[in-house]
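Have a look at upload_35.cif below; it lists mmCIF, C-alpha atoms.
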```cif
data_input
loop_
_atom_site.label_atom_id
_atom_site.label_comp_id
_atom_site.auth_asym_id
_atom_site.auth_seq_id
_atom_site.Cartn_x
_atom_site.Cartn_y
_atom_site.Cartn_z
CA MET J 1 78.97 80.46 97.13
CA ALA J 2 76.28 82.09 99.24
CA GLY J 3 72.97 80.34 99.36
CA GLY J 4 70.22 81.37 97.07
CA GLY J 5 66.78 82.79 97.51
CA ASP J 6 65.97 86.38 98.18
CA LYS J 7 68.00 86.58 101.38
CA LEU J 8 70.64 89.27 101.57
CA LYS J 9 74.05 88.61 103.07
CA LEU J 10 76.70 91.25 103.59
CA LEU J 11 80.39 90.41 103.98
CA SER J 12 82.25 93.33 105.50
CA THR J 13 84.34 94.56 108.44
CA TRP J 14 83.05 96.53 111.42
CA PHE J 15 85.32 99.46 110.53
CA SER J 16 84.89 99.60 106.74
CA PRO J 17 83.38 102.94 105.69
CA PHE J 18 82.49 101.34 102.35
CA GLY J 19 80.61 98.59 104.17
CA SER J 20 78.87 101.31 106.19
CA ARG J 21 77.55 102.84 102.97
CA VAL J 22 75.91 99.54 102.04
CA GLN J 23 74.53 99.07 105.55
CA LEU J 24 73.10 102.60 105.44
CA ALA J 25 71.31 101.86 102.18
CA LEU J 26 69.94 98.55 103.51
CA HIS J 27 68.71 100.19 106.74
CA LEU J 28 67.15 103.15 104.93
CA LYS J 29 65.28 100.70 102.68
CA GLY J 30 64.15 98.59 105.63
CA LEU J 31 65.86 95.51 104.17
CA SER J 32 67.02 92.81 106.57
CA TYR J 33 70.27 90.99 105.93
CA GLU J 34 72.73 88.59 107.45
CA TYR J 35 76.01 90.23 108.40
CA VAL J 36 79.28 88.29 108.19
CA GLU J 37 82.49 89.78 109.62
CA GLU J 38 85.57 89.32 107.44
CA ASP J 39 89.13 89.14 108.78
CA LEU J 40 91.19 91.16 106.30
CA MET J 41 94.43 89.90 107.87
CA ASN J 42 93.37 86.36 106.98
CA LYS J 43 91.06 86.59 103.98
CA SER J 44 88.36 83.94 103.72
CA GLN J 45 87.68 81.64 100.76
CA LEU J 46 84.30 83.34 100.49
CA LEU J 47 85.93 86.74 99.94
CA LEU J 48 88.61 85.48 97.57
CA GLU J 49 86.04 83.62 95.47
CA SER J 50 83.38 86.30 95.44
CA ASN J 51 85.69 89.26 94.79
CA PRO J 52 88.72 87.81 93.02
CA VAL J 53 89.50 91.10 91.23
CA HIS J 54 89.90 93.32 94.30
CA LYS J 55 89.71 90.89 97.27
CA LYS J 56 87.99 93.67 99.23
CA VAL J 57 84.89 94.21 101.32
CA PRO J 58 82.04 94.93 101.17
CA VAL J 59 80.49 92.13 99.13
CA LEU J 60 76.71 91.75 99.03
CA PHE J 61 75.20 88.36 98.21
CA HIS J 62 71.74 88.15 96.68
CA ARG J 63 70.10 85.40 94.62
CA GLY J 64 73.34 83.46 94.40
CA LYS J 65 75.28 86.44 92.99
CA ALA J 66 78.03 88.56 94.52
CA LEU J 67 77.98 92.35 94.19
CA CYS J 68 81.20 94.33 94.76
CA GLU J 69 82.21 98.02 95.05
CA SER J 70 80.19 100.00 97.59
CA MET J 71 78.38 102.47 95.31
CA VAL J 72 77.75 99.80 92.64
CA ILE J 73 76.11 97.81 95.46
CA VAL J 74 74.06 100.86 96.56
CA ASP J 75 72.88 101.29 92.93
CA TYR J 76 71.96 97.60 92.86
CA ILE J 77 69.95 97.83 96.10
CA GLU J 78 68.12 100.86 94.69
CA GLU J 79 67.30 99.05 91.44
CA ALA J 80 66.61 95.52 92.72
CA PHE J 81 64.26 96.73 95.48
CA PRO J 82 62.36 99.60 93.89
CA ASP J 83 59.47 99.35 96.34
CA ALA J 84 61.56 99.26 99.48
CA GLY J 85 61.63 102.54 101.40
CA GLN J 86 62.52 105.81 99.73
CA PRO J 87 64.47 106.08 96.48
CA LEU J 88 67.99 107.38 97.11
CA LEU J 89 68.27 108.88 93.65
CA PRO J 90 65.77 111.40 92.27
CA SER J 91 63.81 110.48 89.14
CA ASP J 92 65.02 113.44 87.07
CA PRO J 93 68.01 112.40 84.88
CA TYR J 94 69.84 115.70 85.37
CA LYS J 95 69.53 115.57 89.16
CA ARG J 96 70.68 111.94 89.08
CA ALA J 97 73.73 112.96 87.06
CA ILE J 98 74.55 115.68 89.60
CA ALA J 99 74.32 113.16 92.48
CA ARG J 100 76.61 110.75 90.61
CA PHE J 101 79.01 113.59 89.82
CA TRP J 102 79.46 114.47 93.49
CA VAL J 103 79.95 110.86 94.51
CA ALA J 104 82.60 110.45 91.79
CA PHE J 105 84.24 113.66 93.03
CA MET J 106 84.27 112.35 96.59
CA GLU J 107 85.95 109.11 95.50
CA THR J 108 88.83 110.71 93.60
CA LYS J 109 89.36 113.90 95.59
CA LEU J 110 88.57 112.92 99.17
CA VAL J 111 88.76 109.14 99.51
CA GLU J 112 91.77 108.48 97.28
CA PRO J 113 94.19 110.95 98.97
CA TRP J 114 92.96 109.74 102.37
CA MET J 115 93.48 106.04 101.60
CA ARG J 116 96.97 106.82 100.33
CA MET J 117 97.78 108.47 103.66
CA LEU J 118 96.47 105.51 105.66
CA ASP J 119 98.99 102.99 104.42
CA GLY J 120 101.46 104.24 107.00
CA THR J 121 104.42 104.62 104.65
CA ARG J 122 104.00 108.25 103.64
CA THR J 123 106.67 110.92 104.10
CA ARG J 124 105.83 114.10 105.99
CA ALA J 125 105.63 116.02 102.73
CA GLU J 126 103.21 113.47 101.26
CA MET J 127 101.04 113.66 104.38
CA THR J 128 100.95 117.47 104.22
CA GLU J 129 99.97 117.31 100.54
CA GLY J 130 97.30 114.68 101.28
CA VAL J 131 95.76 116.81 104.02
CA LYS J 132 95.78 119.82 101.68
CA GLN J 133 93.93 117.80 99.02
CA MET J 134 91.37 116.57 101.53
CA LEU J 135 90.73 120.08 102.85
CA ALA J 136 90.24 121.35 99.29
CA ALA J 137 87.82 118.50 98.58
CA VAL J 138 85.81 119.26 101.72
CA ALA J 139 85.63 122.95 100.78
CA THR J 140 84.22 122.00 97.38
CA LEU J 141 81.73 119.59 98.98
CA GLU J 142 80.56 122.44 101.23
CA GLY J 143 79.61 124.33 98.07
CA ALA J 144 78.00 121.20 96.64
CA LEU J 145 75.87 120.75 99.76
CA GLY J 146 74.66 124.33 99.46
CA GLN J 147 73.71 123.79 95.81
CA CYS J 148 72.14 120.34 96.21
CA SER J 149 70.23 120.92 99.45
CA LYS J 150 69.03 124.46 98.70
CA GLY J 151 68.54 125.08 102.40
CA LYS J 152 67.06 121.64 103.12
CA PRO J 153 68.68 119.25 105.59
CA PHE J 154 70.39 116.81 103.19
CA PHE J 155 72.15 116.58 99.82
CA GLY J 156 69.02 114.67 98.80
CA GLY J 157 66.76 117.49 100.03
CA ASP J 158 64.21 116.66 102.72
CA SER J 159 65.35 113.08 102.95
CA ILE J 160 68.62 111.18 102.69
CA GLY J 161 69.88 110.66 99.17
CA TYR J 162 72.67 109.00 97.24
CA VAL J 163 75.34 111.59 98.10
CA ASP J 164 74.33 111.58 101.78
CA VAL J 165 74.85 107.80 101.89
CA ALA J 166 78.20 108.03 100.09
CA LEU J 167 79.56 110.73 102.40
CA GLY J 168 77.74 109.54 105.51
CA GLY J 169 79.39 106.13 105.30
CA LEU J 170 82.76 107.87 105.68
CA LEU J 171 81.70 110.04 108.60
CA VAL J 172 83.26 108.23 111.55
CA TRP J 173 86.51 107.78 109.63
CA VAL J 174 86.59 111.48 108.73
CA ARG J 175 86.13 112.35 112.41
CA ALA J 176 88.76 109.82 113.41
CA SER J 177 91.17 111.27 110.86
CA GLU J 178 90.71 114.66 112.50
CA VAL J 179 92.15 113.19 115.69
CA LEU J 180 94.86 111.13 113.96
CA LEU J 181 96.04 113.92 111.66
CA GLY J 182 95.37 116.86 113.98
CA VAL J 183 93.29 118.62 111.31
CA LYS J 184 89.67 119.73 111.51
CA PHE J 185 87.95 118.69 108.28
CA LEU J 186 84.37 119.39 109.29
CA ASP J 187 84.77 122.75 110.91
CA ALA J 188 81.80 124.88 111.95
CA ALA J 189 83.63 128.04 110.89
CA ARG J 190 85.03 126.90 107.51
CA THR J 191 82.36 124.40 106.46
CA PRO J 192 79.24 125.30 108.46
CA LEU J 193 76.77 123.43 106.23
CA LEU J 194 78.77 120.20 106.33
CA ALA J 195 79.37 120.52 110.07
CA ALA J 196 75.62 120.84 110.69
CA TRP J 197 74.88 118.08 108.17
CA SER J 198 77.28 115.68 109.92
CA GLU J 199 75.59 116.20 113.31
CA ARG J 200 72.19 115.70 111.72
CA PHE J 201 73.35 112.59 109.87
CA ALA J 202 75.02 110.99 112.89
CA SER J 203 71.78 111.24 114.87
CA LEU J 204 69.78 109.17 112.37
CA ASP J 205 68.78 105.63 113.34
CA ALA J 206 70.32 104.28 110.15
CA ALA J 207 73.63 105.96 111.01
CA LYS J 208 73.63 104.54 114.52
CA ALA J 209 73.08 101.07 113.07
CA ALA J 210 75.54 101.33 110.19
CA LEU J 211 78.45 103.41 111.46
CA PRO J 212 81.13 102.01 113.77
CA ASP J 213 81.86 103.36 117.23
CA PHE J 214 84.19 106.36 117.08
CA GLY J 215 86.34 105.33 120.05
CA ARG J 216 86.78 101.83 118.67
CA VAL J 217 87.87 103.22 115.29
CA ILE J 218 90.48 105.49 116.92
CA LYS J 219 91.90 102.57 118.87
CA HIS J 220 91.98 100.40 115.76
CA ALA J 221 93.69 103.13 113.70
CA MET J 222 96.31 103.72 116.39
CA MET J 223 97.04 100.01 116.52
CA ARG J 224 97.43 99.86 112.75
CA ARG J 225 99.65 102.92 112.79
CA GLY J 226 101.73 101.38 115.54
CA ALA J 227 102.04 98.18 113.55
CA ALA J 228 103.03 100.05 110.39
CA ALA J 229 105.59 102.12 112.33
CA ALA J 230 107.00 98.95 113.84
CA VAL J 231 107.41 97.43 110.38
CA LEU J 232 109.10 100.60 109.13
CA ALA J 233 111.41 100.65 112.14
CA ALA J 234 112.26 96.97 111.72
CA ASN J 235 113.07 97.52 108.04
CA ASN J 236 115.35 100.49 108.64
CA MET K 1 79.19 106.96 70.62
CA ALA K 2 76.27 107.05 73.08
CA LEU K 3 74.64 109.92 71.21
CA ARG K 4 75.16 108.04 67.93
CA MET K 5 73.49 104.96 69.44
CA LYS K 6 70.44 107.03 70.34
CA GLY K 7 70.32 108.78 66.99
CA VAL K 8 70.61 112.15 68.73
CA SER K 9 72.24 114.97 66.79
CA TYR K 10 74.63 117.33 68.50
CA GLU K 11 77.00 120.21 67.90
CA TYR K 12 80.62 119.27 68.48
CA ILE K 13 83.08 121.83 69.84
CA GLU K 14 86.76 120.91 69.84
CA GLN K 15 88.60 121.95 72.98
CA ASP K 16 92.35 122.39 73.07
CA VAL K 17 93.10 120.75 76.42
CA LEU K 18 96.60 122.20 76.37
CA ASP K 19 95.09 125.70 76.23
CA LYS K 20 91.75 125.56 78.03
CA GLY K 21 89.09 127.98 76.91
CA GLU K 22 86.51 130.05 78.75
CA LEU K 23 83.68 127.69 77.85
CA LEU K 24 85.36 124.70 79.53
CA LEU K 25 86.26 126.63 82.66
CA LYS K 26 82.70 127.94 82.87
CA TYR K 27 80.97 124.58 82.36
CA ASN K 28 83.34 122.36 84.32
CA PRO K 29 84.85 124.54 87.03
CA VAL K 30 85.44 121.59 89.36
CA HIS K 31 87.60 119.44 87.08
CA LYS K 32 88.24 121.65 84.01
CA LYS K 33 88.13 118.51 81.86
CA VAL K 34 86.41 117.21 78.76
CA PRO K 35 84.00 115.83 77.84
CA VAL K 36 81.21 118.19 78.84
CA LEU K 37 77.76 117.69 77.39
CA ILE K 38 75.62 120.80 77.38
CA HIS K 39 71.92 119.99 77.18
CA ASN K 40 69.32 122.74 77.32
CA GLY K 41 72.07 125.10 78.45
CA VAL K 42 73.02 122.89 81.39
CA PRO K 43 76.40 121.08 81.66
CA LEU K 44 76.93 117.39 82.39
CA CYS K 45 80.45 116.19 83.26
CA GLU K 46 82.28 112.86 83.67
CA SER K 47 81.98 110.54 80.67
CA GLN K 48 80.35 107.53 82.36
CA ILE K 49 77.84 109.81 84.09
CA ILE K 50 77.08 111.57 80.79
CA VAL K 51 76.49 108.20 79.06
CA GLN K 52 74.05 107.15 81.81
CA TYR K 53 72.30 110.51 81.49
CA ILE K 54 71.95 110.05 77.72
CA ASP K 55 70.58 106.56 78.31
CA GLU K 56 67.95 107.90 80.72
CA VAL K 57 66.90 111.01 78.79
CA TRP K 58 66.57 109.18 75.45
CA ALA K 59 65.27 105.91 76.90
CA GLY K 60 63.67 103.87 74.18
CA ALA K 61 65.10 106.05 71.39
CA ASN K 62 66.14 104.02 68.35
CA GLY K 63 65.43 100.95 70.45
CA ALA K 64 68.97 101.16 71.80
CA SER K 65 69.43 100.77 75.53
CA ILE K 66 72.98 101.45 76.61
CA LEU K 67 72.81 99.93 80.11
CA PRO K 68 71.08 96.54 80.44
CA ALA K 69 67.68 96.31 82.15
CA ASP K 70 68.53 93.69 84.75
CA PRO K 71 69.89 95.11 88.06
CA TYR K 72 72.60 92.46 88.38
CA GLU K 73 73.77 92.95 84.79
CA ARG K 74 73.84 96.70 85.39
CA ALA K 75 75.95 96.14 88.51
CA THR K 76 78.36 93.94 86.54
CA ALA K 77 78.69 96.58 83.81
CA ARG K 78 79.26 99.30 86.40
CA PHE K 79 81.80 97.20 88.30
CA TRP K 80 83.94 96.69 85.21
CA ALA K 81 83.44 100.28 84.06
CA ALA K 82 84.80 101.46 87.43
CA TYR K 83 87.72 99.06 86.98
CA VAL K 84 88.51 100.52 83.54
CA ASP K 85 88.43 104.10 84.87
CA ASP K 86 90.48 103.27 87.99
CA LYS K 87 93.00 100.83 86.53
CA LEU K 88 93.19 100.93 82.74
CA PHE K 89 93.14 104.62 81.94
CA PRO K 90 95.79 105.69 84.51
CA ALA K 91 98.02 102.79 83.46
CA TRP K 92 98.19 103.59 79.76
CA LEU K 93 98.23 107.33 80.38
CA GLY K 94 101.20 106.64 82.64
CA ILE K 95 103.06 105.28 79.61
CA LEU K 96 102.84 108.72 78.02
CA LYS K 97 103.66 110.57 81.21
CA ALA K 98 106.63 108.40 82.18
CA THR K 99 109.85 110.34 82.68
CA SER K 100 112.12 107.32 82.49
CA GLN K 101 112.33 104.04 80.59
CA ASP K 102 111.92 102.09 83.83
CA GLU K 103 108.74 103.94 84.70
CA ARG K 104 107.48 103.39 81.16
CA THR K 105 108.12 99.65 81.36
CA GLU K 106 106.30 99.53 84.70
CA LYS K 107 103.25 101.22 83.23
CA VAL K 108 103.29 98.97 80.17
CA ASN K 109 103.31 95.92 82.42
CA LYS K 110 100.48 97.35 84.51
CA THR K 111 98.43 97.96 81.37
CA LEU K 112 99.07 94.40 80.16
CA ALA K 113 97.91 93.01 83.51
CA VAL K 114 94.71 95.06 83.39
CA VAL K 115 93.99 94.02 79.80
CA ALA K 116 94.46 90.37 80.81
CA GLN K 117 91.81 90.90 83.47
CA LEU K 118 89.48 92.47 80.89
CA GLU K 119 89.90 89.40 78.67
CA LEU K 120 88.43 87.37 81.56
CA ALA K 121 85.70 89.97 82.07
CA LEU K 122 84.75 89.71 78.41
CA ALA K 123 84.48 85.95 78.65
CA GLN K 124 82.18 86.25 81.67
CA CYS K 125 80.06 89.16 80.49
CA SER K 126 79.55 88.21 76.87
CA ASN K 127 78.77 84.55 77.53
CA GLY K 128 79.90 83.68 74.02
CA LYS K 129 78.03 86.57 72.37
CA ALA K 130 79.55 89.32 70.24
CA PHE K 131 79.92 92.12 72.80
CA PHE K 132 80.35 92.70 76.55
CA ALA K 133 76.66 93.59 76.60
CA GLY K 134 75.55 90.59 74.49
CA ASP K 135 74.32 90.75 70.91
CA SER K 136 74.86 94.48 70.52
CA VAL K 137 77.09 97.24 71.84
CA GLY K 138 76.35 98.41 75.38
CA PHE K 139 77.78 100.48 78.22
CA LEU K 140 80.84 98.39 78.96
CA ASP K 141 81.67 98.06 75.25
CA LEU K 142 81.77 101.86 75.02
CA VAL K 143 83.82 102.21 78.21
CA VAL K 144 86.46 99.69 77.11
CA GLY K 145 86.20 100.41 73.38
CA CYS K 146 87.05 104.11 73.62
CA ASN K 147 90.59 103.13 74.66
CA LEU K 148 91.29 101.09 71.53
CA PHE K 149 92.47 103.88 69.25
CA TRP K 150 94.85 104.95 72.00
CA PHE K 151 96.21 101.39 72.20
CA GLU K 152 96.92 101.62 68.49
CA ALA K 153 98.59 105.02 68.98
CA LEU K 154 100.77 103.55 71.73
CA ARG K 155 101.70 100.66 69.45
CA ARG K 156 102.82 103.11 66.76
CA MET K 157 104.84 105.11 69.28
CA PHE K 158 106.37 102.44 71.49
CA GLY K 159 105.82 99.14 69.71
CA VAL K 160 103.72 97.80 72.63
CA VAL K 161 100.75 95.61 71.81
CA PHE K 162 97.93 95.29 74.32
CA VAL K 163 95.22 93.47 72.42
CA GLU K 164 96.35 90.60 70.17
CA GLU K 165 94.98 87.30 69.01
CA GLY K 166 97.79 85.32 70.62
CA LYS K 167 97.34 86.67 74.14
CA THR K 168 93.83 88.12 74.27
CA PRO K 169 91.87 86.31 71.57
CA LEU K 170 88.41 87.33 72.78
CA LEU K 171 89.32 91.01 73.04
CA ALA K 172 91.06 90.90 69.65
CA ALA K 173 87.94 89.58 67.93
CA TRP K 174 85.70 91.93 69.92
CA ALA K 175 87.89 94.94 69.04
CA GLU K 176 87.39 94.31 65.34
CA ARG K 177 83.62 93.95 65.73
CA PHE K 178 83.51 97.04 67.93
CA GLY K 179 85.46 99.12 65.44
CA GLU K 180 82.99 98.21 62.73
CA SER K 181 79.87 98.75 64.84
CA GLY K 182 77.43 101.55 64.15
CA ALA K 183 78.30 103.18 67.45
CA ALA K 184 82.04 103.39 66.82
CA ARG K 185 82.46 103.59 63.07
CA ASP K 186 83.21 107.15 61.92
CA VAL K 187 83.10 108.38 65.52
CA VAL K 188 86.33 107.00 66.90
CA PRO K 189 89.30 109.15 65.84
CA ASP K 190 92.26 107.96 63.82
CA ALA K 191 95.20 106.67 65.85
CA ASP K 192 97.62 109.00 64.05
CA ARG K 193 95.85 112.04 65.44
CA ALA K 194 96.29 110.55 68.90
CA VAL K 195 100.00 110.03 68.19
CA GLU K 196 100.34 113.69 67.15
CA PHE K 197 98.60 114.86 70.28
CA ALA K 198 100.63 112.53 72.50
CA LYS K 199 103.88 113.90 71.14
CA LYS K 200 102.72 117.45 71.89
CA LEU K 201 101.72 116.43 75.41
CA MET K 202 104.99 114.63 76.06
CA ALA K 203 107.08 117.52 74.79
CA ARG K 204 105.20 119.85 77.13
CA ARG K 205 105.74 117.58 80.11
CA GLY K 206 109.32 116.69 79.31
CA SER K 207 108.46 113.00 79.31
CA ALA K 208 110.98 110.47 78.04
CA PRO K 209 110.63 110.49 74.26
CA ALA K 210 109.23 107.68 72.14
CA ALA K 211 111.46 105.54 69.96
CA ASN K 212 109.83 106.92 66.79
#
```
Re-express the file's structure as structure tokens.
Amino acid sequence: MAGGGDKLKLLSTWFSPFGSRVQLALHLKGLSYEYVEEDLMNKSQLLLESNPVHKKVPVLFHRGKALCESMVIVDYIEEAFPDAGQPLLPSDPYKRAIARFWVAFMETKLVEPWMRMLDGTRTRAEMTEGVKQMLAAVATLEGALGQCSKGKPFFGGDSIGYVDVALGGLLVWVRASEVLLGVKFLDAARTPLLAAWSERFASLDAAKAALPDFGRVIKHAMMRRGAAAAVLAANN
Amino acid sequence: MALRMKGVSYEYIEQDVLDKGELLLKYNPVHKKVPVLIHNGVPLCESQIIVQYIDEVWAGANGASILPADPYERATARFWAAYVDDKLFPAWLGILKATSQDERTEKVNKTLAVVAQLELALAQCSNGKAFFAGDSVGFLDLVVGCNLFWFEALRRMFGVVFVEEGKTPLLAAWAERFGESGAARDVVPDADRAVEFAKKLMARRGSAPAAN
């Protein structure tokens, strides 16, 4: 598999928001790593062997082992490198549970409906429903940000935390979806805290290193949509 | 089961999920679901999160550690726990919710495929020992094990078998050990109660009825 030793290697794609989460965590912790670009249209042996269950990126390699699932990887980085940078999770068990709660919420209520819409085969009604679900999720997260930050800049308080990394990794894709779907998710009027948070987050060094270029993501999404539409047209 | 492992006593309040009460809506406004653990007046929601909370608050209690100490082993347990929540639970729940025989068959097949994957997971995780976590019950054992009485309920209702010596020998042996473990014994409900509840749920939803 990957080589051994303490070196970190990340297998991902330039546009994966889940890969971005892992890159954010690594950058925030000041951990260096080798980055390997995966071609999801032509999956490598490395991917198929290291993540046989899901065959998805990101995969982090460390000490001869493969770690899969973005937030499981972030937890691993936090626990395997306790002295690197700032902890992403607070030490208080209740506050940790709250952070985990909001990340779990994000996965089922924001990410899941969004990923369903991306496969390019949805009906108009399904798309409308998906957008509705996403807007509801964002409204709830606005409330969560208010509660968690208590007036401070991030979900984690003064510094970036677990929830910030989980949501921040998705940021460029959320913005791209606004263009692709014609819906404003992070709206200064409806979700002022999140709108301000997203500007703040995007300006961080870690974000600049870990998040893909917005224009490139739009182009990529349009190409994928075009390809999906072509397949649909060909099959009808 | 987690509370039992830590030797922590608790008050249990039964919630009728088909007629949700004020307490549930107050303590879990986001999801309106059980379980909710209320500790020092403060609610914790989402079962896997609650179990991790219990593990952290009562660390070292009774000597039982629910999650392993090693970061890689923790990641492995979390990976498979996420898999169970994402793939196993919706699949078998889908059997109950199915509105046609075809849909039911599809969900049964999905569940079988997921269980087959868990048989492999058990082989890898246990490394020949008694449980997913090794010599004693741990996080992943709880996460997988809590589905077992529902598998038995589904067998009684639809005749489907998910864990059996012929097809999933490791899981079959593990299931027996799990059922008898200190964590599960007397805590896990009887399958017949699950059958009763399932029938109520299905009648409400207008799902395709069971054979029995």
Just want the 8 Å neighbourhood of stretch 135-145 of chain K, counted on all atoms listed in the file, with same-chain residues fewer than 6 positions away dropped. Output as a list in words.
Met1, Ala2, Gln48, Val51, Ser65, Ile66, Leu67, Pro68, Ala77, Arg78, Trp80, Ala81, Val84, Lys129, Ala175, Phe178, Ser181 and Ala183 of chain K
Using the chain letters and residue numbers of this document, give as a PyMOL selection string the residues selected by the PyMOL selection byres ((chain K and resi 148-159) around 10).
chain K and resi 92-93+95-96+104+108+144-147+160-163+175-176+178-179+188-199+209-212
Quick check on the file I pasted: which residues fall under the PyMOL selection byres ((chain K) within 9 of (chain J))? Write them as a JSON list (two decimals) with C-alpha atoms, in the frame of the given file.
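In the end it all went to expr-v8.json:
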```json
[["chain", "number", "residue", "atom", "x", "y", "z"],
["K", 30, "VAL", "CA", 85.44, 121.59, 89.36],
["K", 31, "HIS", "CA", 87.60, 119.44, 87.08],
["K", 42, "VAL", "CA", 73.02, 122.89, 81.39],
["K", 44, "LEU", "CA", 76.93, 117.39, 82.39],
["K", 45, "CYS", "CA", 80.45, 116.19, 83.26],
["K", 46, "GLU", "CA", 82.28, 112.86, 83.67],
["K", 49, "ILE", "CA", 77.84, 109.81, 84.09],
["K", 50, "ILE", "CA", 77.08, 111.57, 80.79],
["K", 52, "GLN", "CA", 74.05, 107.15, 81.81],
["K", 53, "TYR", "CA", 72.30, 110.51, 81.49],
["K", 54, "ILE", "CA", 71.95, 110.05, 77.72],
["K", 56, "GLU", "CA", 67.95, 107.90, 80.72],
["K", 57, "VAL", "CA", 66.90, 111.01, 78.79],
["K", 70, "ASP", "CA", 68.53, 93.69, 84.75],
["K", 71, "PRO", "CA", 69.89, 95.11, 88.06],
["K", 72, "TYR", "CA", 72.60, 92.46, 88.38],
["K", 74, "ARG", "CA", 73.84, 96.70, 85.39],
["K", 75, "ALA", "CA", 75.95, 96.14, 88.51],
["K", 76, "THR", "CA", 78.36, 93.94, 86.54],
["K", 78, "ARG", "CA", 79.26, 99.30, 86.40],
["K", 79, "PHE", "CA", 81.80, 97.20, 88.30],
["K", 82, "ALA", "CA", 84.80, 101.46, 87.43],
["K", 117, "GLN", "CA", 91.81, 90.90, 83.47]]
```
For K:Pro90, please output as a CSV table (one decimal) with C-alpha atoms, in the coordinates of the input all residues within 10 Å (counting all atoms listed in the file; exclusion window: fewer than 4 positions along the same chain).
```csv
chain,number,residue,atom,x,y,z
K,84,VAL,CA,88.5,100.5,83.5
K,85,ASP,CA,88.4,104.1,84.9
K,86,ASP,CA,90.5,103.3,88.0
K,94,GLY,CA,101.2,106.6,82.6
K,95,ILE,CA,103.1,105.3,79.6
K,97,LYS,CA,103.7,110.6,81.2
K,107,LYS,CA,103.2,101.2,83.2
K,110,LYS,CA,100.5,97.4,84.5
K,111,THR,CA,98.4,98.0,81.4
```
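Here atom CA of K:Asp19 and atom CA of K:Phe89 stand 21.9 Å from one another.
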Residue by residue, what does the PyMOL selection byres ((chain J and resi 46) around 10) grab here? Present the result as JSON, numbers by chain.
{"J": [1, 2, 11, 38, 43, 44, 45, 47, 48, 49, 50, 51, 52, 55, 59]}
Shell of 8 Å around J:Gln133, only C-alpha atoms, local chain residues under 6 positions omitted, as a ChimeraX atom specification
/J:109-110,113
Grab the atom CA of J:Ala166 to atom CA of K:Asn40 distance for me, in Å with one decimal place.
28.5 Å
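Relative to atom CA of K:Leu112, atom CA of K:Ala173 is found at 17.2 Å.
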Select all residues near (72.7, 95.7, 105.9) (cut-off 9 Å, inclusive, file coordinates), counting only C-alpha atoms, and output them as a PyMOL selection string.
chain J and resi 8-10+19-20+22-27+31-35+60+209-210
Shell of 9 Å around J:Leu193, all atoms listed in the file, local chain residues under 2 positions omitted, as JSON, numbers by chain:
{"J": [142, 143, 145, 146, 188, 191, 195, 196, 197, 198]}
So which residues touch stretch 173-184 of chain J within 6 Å, counting all atoms listed in the file, skipping near sequence neighbours fewer than 3 positions away, as a VMD selection string?
chain J and resid 170 187 218
When you count all atoms listed in the file, which of these residues is closest to K:Ala59: K:Pro169, K:Leu3, K:Glu11, K:Pro43?
K:Leu3
Could you list as a ChimeraX atom specification every residue that has an atom within 9 Å of (80.3, 106.5, 110.6), using the file's coordinates and counting all atoms listed in the file?
/J:15,17,20-21,168-175,202,207-208,210-214
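Minimum atom-to-atom distances from K:Ala130, K:Ile13, K:Leu88, K:Val8 to K:Asn109 were compared using only C-alpha atoms, and the lowest value belongs to K:Leu88.
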Taking every listed atom of stretch 101-113 of chain J and adding 4 Å to each side, what centre and edge lengths in Å (one decimal) does the axis-aligned box have, as JSON?
```
{"center_x": 86.6, "center_y": 111.5, "center_z": 94.7, "size_x": 23.2, "size_y": 14.0, "size_z": 17.7}
```
Start from the incomplete input, build N, CA, C and O atoms for stretch 112-117 of chain K, and deliver everything as a PDB file, keeping the file's coordinate frame.
```
ATOM      1  N   LEU K 112      99.223  95.792  80.623  1.00  0.00           N
ATOM      2  CA  LEU K 112      99.070  94.400  80.160  1.00  0.00           C
ATOM      3  C   LEU K 112      98.288  93.580  81.176  1.00  0.00           C
ATOM      4  O   LEU K 112      97.413  92.791  80.802  1.00  0.00           O
ATOM      5  N   ALA K 113      98.600  93.769  82.460  1.00  0.00           N
ATOM      6  CA  ALA K 113      97.910  93.010  83.510  1.00  0.00           C
ATOM      7  C   ALA K 113      96.411  93.345  83.537  1.00  0.00           C
ATOM      8  O   ALA K 113      95.566  92.466  83.677  1.00  0.00           O
ATOM      9  N   VAL K 114      96.106  94.629  83.381  1.00  0.00           N
ATOM     10  CA  VAL K 114      94.710  95.060  83.390  1.00  0.00           C
ATOM     11  C   VAL K 114      93.966  94.494  82.175  1.00  0.00           C
ATOM     12  O   VAL K 114      92.840  94.013  82.285  1.00  0.00           O
ATOM     13  N   VAL K 115      94.613  94.545  81.018  1.00  0.00           N
ATOM     14  CA  VAL K 115      93.990  94.020  79.800  1.00  0.00           C
ATOM     15  C   VAL K 115      93.725  92.511  79.942  1.00  0.00           C
ATOM     16  O   VAL K 115      92.689  92.014  79.504  1.00  0.00           O
ATOM     17  N   ALA K 116      94.649  91.811  80.585  1.00  0.00           N
ATOM     18  CA  ALA K 116      94.460  90.370  80.810  1.00  0.00           C
ATOM     19  C   ALA K 116      93.210  90.130  81.648  1.00  0.00           C
ATOM     20  O   ALA K 116      92.433  89.208  81.397  1.00  0.00           O
ATOM     21  N   GLN K 117      92.994  90.996  82.624  1.00  0.00           N
ATOM     22  CA  GLN K 117      91.810  90.900  83.470  1.00  0.00           C
ATOM     23  C   GLN K 117      90.547  91.182  82.655  1.00  0.00           C
ATOM     24  O   GLN K 117      89.503  90.543  82.832  1.00  0.00           O
TER      25      GLN K 117
END
```
